[in-house]
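Notes to accompany the following structure.
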Amino acid sequence: MATLTTVQKIRLLVGDKDAASDGTGDVFGFTDDEVNFAYNEAVAREGEATGDFDANVYLAAADLLDAAAAKSAQTAKSITVGNYSNSTASQGDALHERAEALRKRAYEQPAGGAAEIAWTDAEEAQIIFNKYEREA
C-alpha cells in the first residue's frame, strides 16, 4: 500500500487534486508550496502532532479551505436569465463550513488513543479494544 505524502493528504481533504502532477491543484489551484506553507503554519501554531493521527494535516486543509472561501467571496456572481437563476454566493459559506468540520475533527479525534489514560486493568482492556476497533 502506497503511503501518501503530507501534501497529498492535505489535497485529498481539501478536494484539490493534482491530476496533471504539475504541483498545482485542479480545483482551487493551490501550489505545492502553498500547501506546504499551510502545513508549516499549522505546525508552528499547534506544535508537532504525535501518534498515528496528525491533526496538523486537518488544520492545514481547513486553512486552505478558508483561503478558497475568501477568494470565492471576492468573485461571487449571481446570474438570472428568464426563469433560470444561478448564484455562487453561498459557495464561500459551504467552504467555511467544511473548514470548521476539519478543525473540529483535528481537535476532537484522539491521537492513536493517546488521549486515553488507564487507571485500572479494566480501563486498560477497554483502551486496547478501542485501538483494535480504530484499526479494524
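Residues in the C-alpha cells are numbered from 1 in each chain, the chains being A, B, ... in the order shown, and ligands are numbered from 1 in the order shown.
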
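With only C-alpha atoms taken into account, the protein and nucleic acid residues at most 10 Å from Thr6 in chain A (excluding it and anything under 4 positions from it in its own chain) are Ile10, Arg11, Leu12, Val35, Asn36, Tyr39, Asp54, Asn56 and Val57 of chain A.
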
Item to complete: Determine, counting only C-alpha atoms, which protein, DNA and RNA residues have an atom within 12 Å of an atom of Asp63 in chain A; residues of the same chain fewer than 3 positions away are not included. Present the result as a count of residues only.
Response: 34

Practice prompt. Give me the residues within 12 Å of Ser21 in chain A as a ChimeraX atom specification, counting only C-alpha atoms and dropping any in the same chain fewer than 6 places off.
Written response: /A:7-8,31-32

Selection from above, C-alpha atoms, as a short mmCIF file (atom, residue, chain, number, x, y, z; two decimals), in the first residue's frame, can you write it?
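The resulting out_14.cif:
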```
data_model
loop_
_atom_site.label_atom_id
_atom_site.label_comp_id
_atom_site.auth_asym_id
_atom_site.auth_seq_id
_atom_site.Cartn_x
_atom_site.Cartn_y
_atom_site.Cartn_z
CA VAL A 7 0.82 17.40 0.51
CA GLN A 8 -1.26 14.56 -0.97
CA THR A 31 0.55 25.04 -5.50
CA ASP A 32 2.60 22.51 -3.54
#
```

Worksheet item: So what do you get for CA of Asp33 in chain A versus CA of Leu64 in chain A, distance-wise?
Response: 12.1 Å

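Atom pair CA of Asn130 in chain A / CA of Ala55 in chain A has a distance of 19.1 Å (rounded to one decimal).
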
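Considering only C-alpha atoms, the residue among A:Leu65, A:Ser72, A:Gly92, A:Tyr107 positioned nearest to Glu46 in chain A is A:Tyr107.
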
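For the set A:Ile127, A:Val81, A:Lys71, A:Gly23, the residue with the smallest atom-to-atom gap to Asp93 in chain A is A:Lys71, counting only C-alpha atoms.
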